[in-house]
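**Q** For reference, the structure I am asking about is given below.
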Amino acid sequence: MKKKNPVMPVVKWAGGKRQIRNEIIHRIPKDFSIYCEPFAGGCAVLFALCPEKAVINDINNELINIYRVIRDNVDELIEDLKKHENSREYFYSLREMDRDHESYRKMNPIERASRIIYLNKTCYNGLFRVNQAGEFNTPYGNYKKPNIVNEPVLRAVSEYFNRADIRFTCLDFEEAMRNVERDSFVYLDPPYDPVSSTANFTSYDKGGFDKNEQIRLKNVCDRLNKKGIRFLLSNSATEFIINLYRDYTVEIIQAKRAVNSNPRKRGEVHEVLISNYR
């Protein structure tokens with residue numbers, strides 16, 4: 001269905017689903033009451049579906065704060081975004097704010113959301129990455145005209161958030177799925193299992209996401225399956241993931257990835273879509 005307003009991701013997110021969105025949408029059933037997404041990220045699938053009722057979760061509190069501010073304070077957010085400068089000096093002064101915990105705590109939710117959106121639009125390749133201390137550490141992107149204030153998209157997303165019944169949570173994925181209702185549909189887009197030792201894009205949160213976490217997620221999927229709750233999961237097509245979900249429907253697809261520190265390694269990659277339904 002065509003939408004009049006540009007309801008689309010407001011931040012660029014490593015592992016975002018814009019490239020394989022149609023593959024995912026094609027596989028999502030129509031007869032569910034609540035859409036659940038425990039790893040929200042850029043919400044490309046949510047914005048493509050625009051369900052009337054959803055539970056959106058992510059462990060990254062900065063990301064969830066952005067969505068809550070867009071819902072509740074979009075006018076103030078737009079005005080705050082207009083104050084930012086596209087310069088190397090300004091970028092690093094704003095990026096370093098989370099190193100000074102006292103000044104960072106003084107920032108209100110609108111200022112925090114504005115900061116992250118600005119950093120996302122001006123950092124190198126739009127890669128949200130934090131170190132072990134949870135500090136944003138992606139370098140300056142040196143772009144001439146980044147679209148820092150995308151007002152039409154911000155307003156369209158805010159209108160959707162206020163029109164629909166959407167609950168935002170910032171929890172561990174297992175806790176977020178603890179009380180999923182039976183007639184819900186769950187789309188899972190966890191940090192991907194790395195295809196090599198140099199392709200690990202799991203630093204969206206200081207906790208990381210290793211193979212033990214992948215196994216814990218698979219156990220949660222097993223519990224969803226036993227309850228009769230349908231799920232669709234995306235991940236990289238590694239031998240580990242394919243073997244881990246061998247009891248489910250595993251489909252290999254191709255996707256184009258543009259977020260990589262090495263430009264030569266950007267391009268088509270194999271991914272999997274895993275489901276417990278036909």
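How things are named: the first chain in the structure tokens is A, the next is B, and so on; residues count from 1 in each chain; ligands count from 1 in the order shown.
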Could you give me, as a list of chain:residue names, the residues within 8 Å of range 71-82 of chain A, counting only C-alpha atoms and dropping anything in the same chain fewer than 3 positions from it?
**A** A:Tyr67, A:Arg68, A:Ile110, A:Glu111, A:Ala113, A:Ser114, A:Arg115, A:Tyr118, A:Ile148, A:Val149, A:Glu151, A:Leu154, A:Arg155, A:Val157, A:Ser158, A:Glu159, A:Phe161, A:Asn162
**Q** Taking C-alpha atoms for each residue, export the selection above as an mmCIF file, in the first residue's frame.
**A**
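result-v2.cif written:
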```cif
data_model
loop_
_atom_site.group_PDB
_atom_site.id
_atom_site.type_symbol
_atom_site.label_atom_id
_atom_site.label_comp_id
_atom_site.auth_asym_id
_atom_site.auth_seq_id
_atom_site.Cartn_x
_atom_site.Cartn_y
_atom_site.Cartn_z
ATOM 1 C CA TYR A 67 12.203 6.913 18.937
ATOM 2 C CA ARG A 68 10.524 8.127 22.112
ATOM 3 C CA ILE A 110 15.873 15.752 23.299
ATOM 4 C CA GLU A 111 19.520 16.835 23.358
ATOM 5 C CA ALA A 113 18.511 12.200 20.596
ATOM 6 C CA SER A 114 19.708 15.213 18.588
ATOM 7 C CA ARG A 115 23.321 14.338 19.348
ATOM 8 C CA TYR A 118 23.788 14.276 14.196
ATOM 9 C CA ILE A 148 21.162 16.331 9.376
ATOM 10 C CA VAL A 149 17.620 17.733 9.602
ATOM 11 C CA GLU A 151 12.190 17.187 8.734
ATOM 12 C CA LEU A 154 10.937 12.954 11.247
ATOM 13 C CA ARG A 155 7.410 14.349 11.127
ATOM 14 C CA VAL A 157 7.548 8.919 11.657
ATOM 15 C CA SER A 158 6.233 10.968 14.592
ATOM 16 C CA GLU A 159 2.751 10.983 13.076
ATOM 17 C CA PHE A 161 4.128 6.650 16.201
ATOM 18 C CA ASN A 162 1.262 8.733 17.560
#
```
**Q** Could you please write out, as number ranges by chain, every residue of range 140-172 of chain A that DSSP assigns to strand (DSSP E or B)?
**A** A: 140, 165-169
**Q** Each residue of range 159-203 of chain A lying at most 10 Å from range 57-61 of chain A should get a row with its shortest atom-to-atom pair and the distance in Å to one decimal, counting only C-alpha atoms; could you produce that, ordered by chain and increasing number, as JSON lines?
**A**
```
{"residue": "A:Arg167", "atom": "CA", "partner": "A:Asn57", "partner_atom": "CA", "distance": 8.3}
{"residue": "A:Phe168", "atom": "CA", "partner": "A:Asn57", "partner_atom": "CA", "distance": 5.7}
{"residue": "A:Thr169", "atom": "CA", "partner": "A:Asn57", "partner_atom": "CA", "distance": 4.7}
{"residue": "A:Cys170", "atom": "CA", "partner": "A:Ile59", "partner_atom": "CA", "distance": 5.1}
{"residue": "A:Leu171", "atom": "CA", "partner": "A:Ile59", "partner_atom": "CA", "distance": 5.2}
{"residue": "A:Asp172", "atom": "CA", "partner": "A:Ile59", "partner_atom": "CA", "distance": 5.7}
{"residue": "A:Phe173", "atom": "CA", "partner": "A:Ile59", "partner_atom": "CA", "distance": 7.4}
{"residue": "A:Ala176", "atom": "CA", "partner": "A:Asn57", "partner_atom": "CA", "distance": 6.9}
{"residue": "A:Met177", "atom": "CA", "partner": "A:Asn57", "partner_atom": "CA", "distance": 9.4}
{"residue": "A:Pro190", "atom": "CA", "partner": "A:Asp58", "partner_atom": "CA", "distance": 9.8}
```
**Q** Apply DSSP to the structure's backbone, then extract all residues of range 10-170 of chain A labelled alpha helix (DSSP H) and return them as JSON, numbers by chain.
**A** {"A": [21, 22, 23, 24, 25, 26, 27, 44, 45, 46, 47, 48, 49, 61, 62, 63, 64, 65, 66, 67, 68, 69, 70, 71, 72, 74, 75, 76, 77, 78, 79, 80, 81, 88, 89, 90, 91, 92, 93, 94, 95, 101, 102, 103, 104, 105, 109, 110, 111, 112, 113, 114, 115, 116, 117, 118, 119, 120, 121, 122, 151, 152, 153, 154, 155, 156, 157, 158, 159, 160, 161, 162, 163]}
**Q** Tell me which of A:Ser103, A:Asn108, A:Ser234, A:Asn86 sits closest to Leu217 in chain A, counting only C-alpha atoms.
**A**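 That would be A:Ser234, the residue with the smallest distance to Leu217 in chain A.
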**Q** Skip Lys218 in chain A itself and residues of its chain fewer than 6 positions away, then list as an mmCIF file with C-alpha atoms, in the first residue's frame all residues within 12 Å of it, counting only C-alpha atoms.
**A**
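Printed below is result.cif as written:
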```
data_model
loop_
_atom_site.group_PDB
_atom_site.id
_atom_site.type_symbol
_atom_site.label_atom_id
_atom_site.label_comp_id
_atom_site.auth_asym_id
_atom_site.auth_seq_id
_atom_site.Cartn_x
_atom_site.Cartn_y
_atom_site.Cartn_z
ATOM 1 C CA PHE A 173 15.952 -9.549 24.045
ATOM 2 C CA GLU A 174 15.046 -12.525 26.237
ATOM 3 C CA LEU A 188 14.260 -11.035 14.954
ATOM 4 C CA PRO A 190 20.081 -9.744 15.981
ATOM 5 C CA LYS A 211 28.087 -17.131 19.809
ATOM 6 C CA ASN A 212 26.806 -17.771 23.320
ATOM 7 C CA LEU A 224 8.340 -19.144 20.949
ATOM 8 C CA ASN A 225 7.857 -22.148 18.687
ATOM 9 C CA PHE A 231 8.843 -15.839 14.078
ATOM 10 C CA LEU A 232 11.136 -14.837 11.250
ATOM 11 C CA LEU A 233 14.843 -14.354 11.927
ATOM 12 C CA SER A 234 17.583 -12.897 9.736
ATOM 13 C CA ASN A 235 21.286 -13.617 10.149
ATOM 14 C CA PHE A 240 27.254 -22.085 12.669
ATOM 15 C CA ILE A 241 23.888 -20.348 12.161
ATOM 16 C CA ILE A 242 22.634 -22.785 9.513
ATOM 17 C CA ASN A 243 23.461 -25.722 11.763
ATOM 18 C CA LEU A 244 22.024 -24.020 14.862
ATOM 19 C CA TYR A 245 18.604 -23.581 13.202
ATOM 20 C CA ARG A 246 18.606 -26.822 11.224
ATOM 21 C CA ASP A 247 15.195 -27.822 12.654
ATOM 22 C CA TYR A 248 13.533 -24.761 11.116
ATOM 23 C CA ILE A 274 14.783 -18.520 9.254
ATOM 24 C CA SER A 275 11.166 -19.214 10.149
ATOM 25 C CA ASN A 276 8.991 -21.685 12.021
#
```
**Q** Restricting the calculation to only C-alpha atoms: of A:Gly208, A:Ile20, A:Tyr160, A:Arg129, which residue gets closest to Ala44 in chain A?
**A** A:Ile20
**Q** Name the closest residue to Lys17 in chain A among the candidates A:Ile70, A:Val186, A:Leu63, A:Ala255; distances are taken between atoms, counting only C-alpha atoms.
**A** A:Ala255
**Q** Give me the residues near range 133-137 of chain A as JSON, numbers by chain, where near means some atom within 12 Å (using only C-alpha atoms) and where sequence neighbours in that chain fewer than 6 positions away do not count.
**A** {"A": [60, 61, 62, 91, 92, 93, 94, 95, 96, 97, 98, 99, 100, 101, 104, 115, 116, 119, 120, 123, 124, 126, 127, 203, 204, 205, 206, 207, 208]}
**Q** With only C-alpha atoms as the basis for distance, which of A:Ala54, A:Phe209, A:Asn219, A:Asp193 is at the shortest distance from Ala237 in chain A?
**A**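 Between A:Ala54, A:Phe209, A:Asn219, A:Asp193, the residue approaching Ala237 in chain A most closely is A:Asp193.
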**Q** Go through A:Gly41, A:Ile215, A:Val130, A:Gln254 and flag the residue nearest Val272 in chain A, using only C-alpha atoms for the distances.
**A**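 Checking each candidate against Val272 in chain A, we get A:Gln254 as the closest.
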**Q** Grab the CA of Pro152 in chain A to CA of Pro6 in chain A distance for me, in Å with one decimal place.
**A**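 The value is 7.0 Å.
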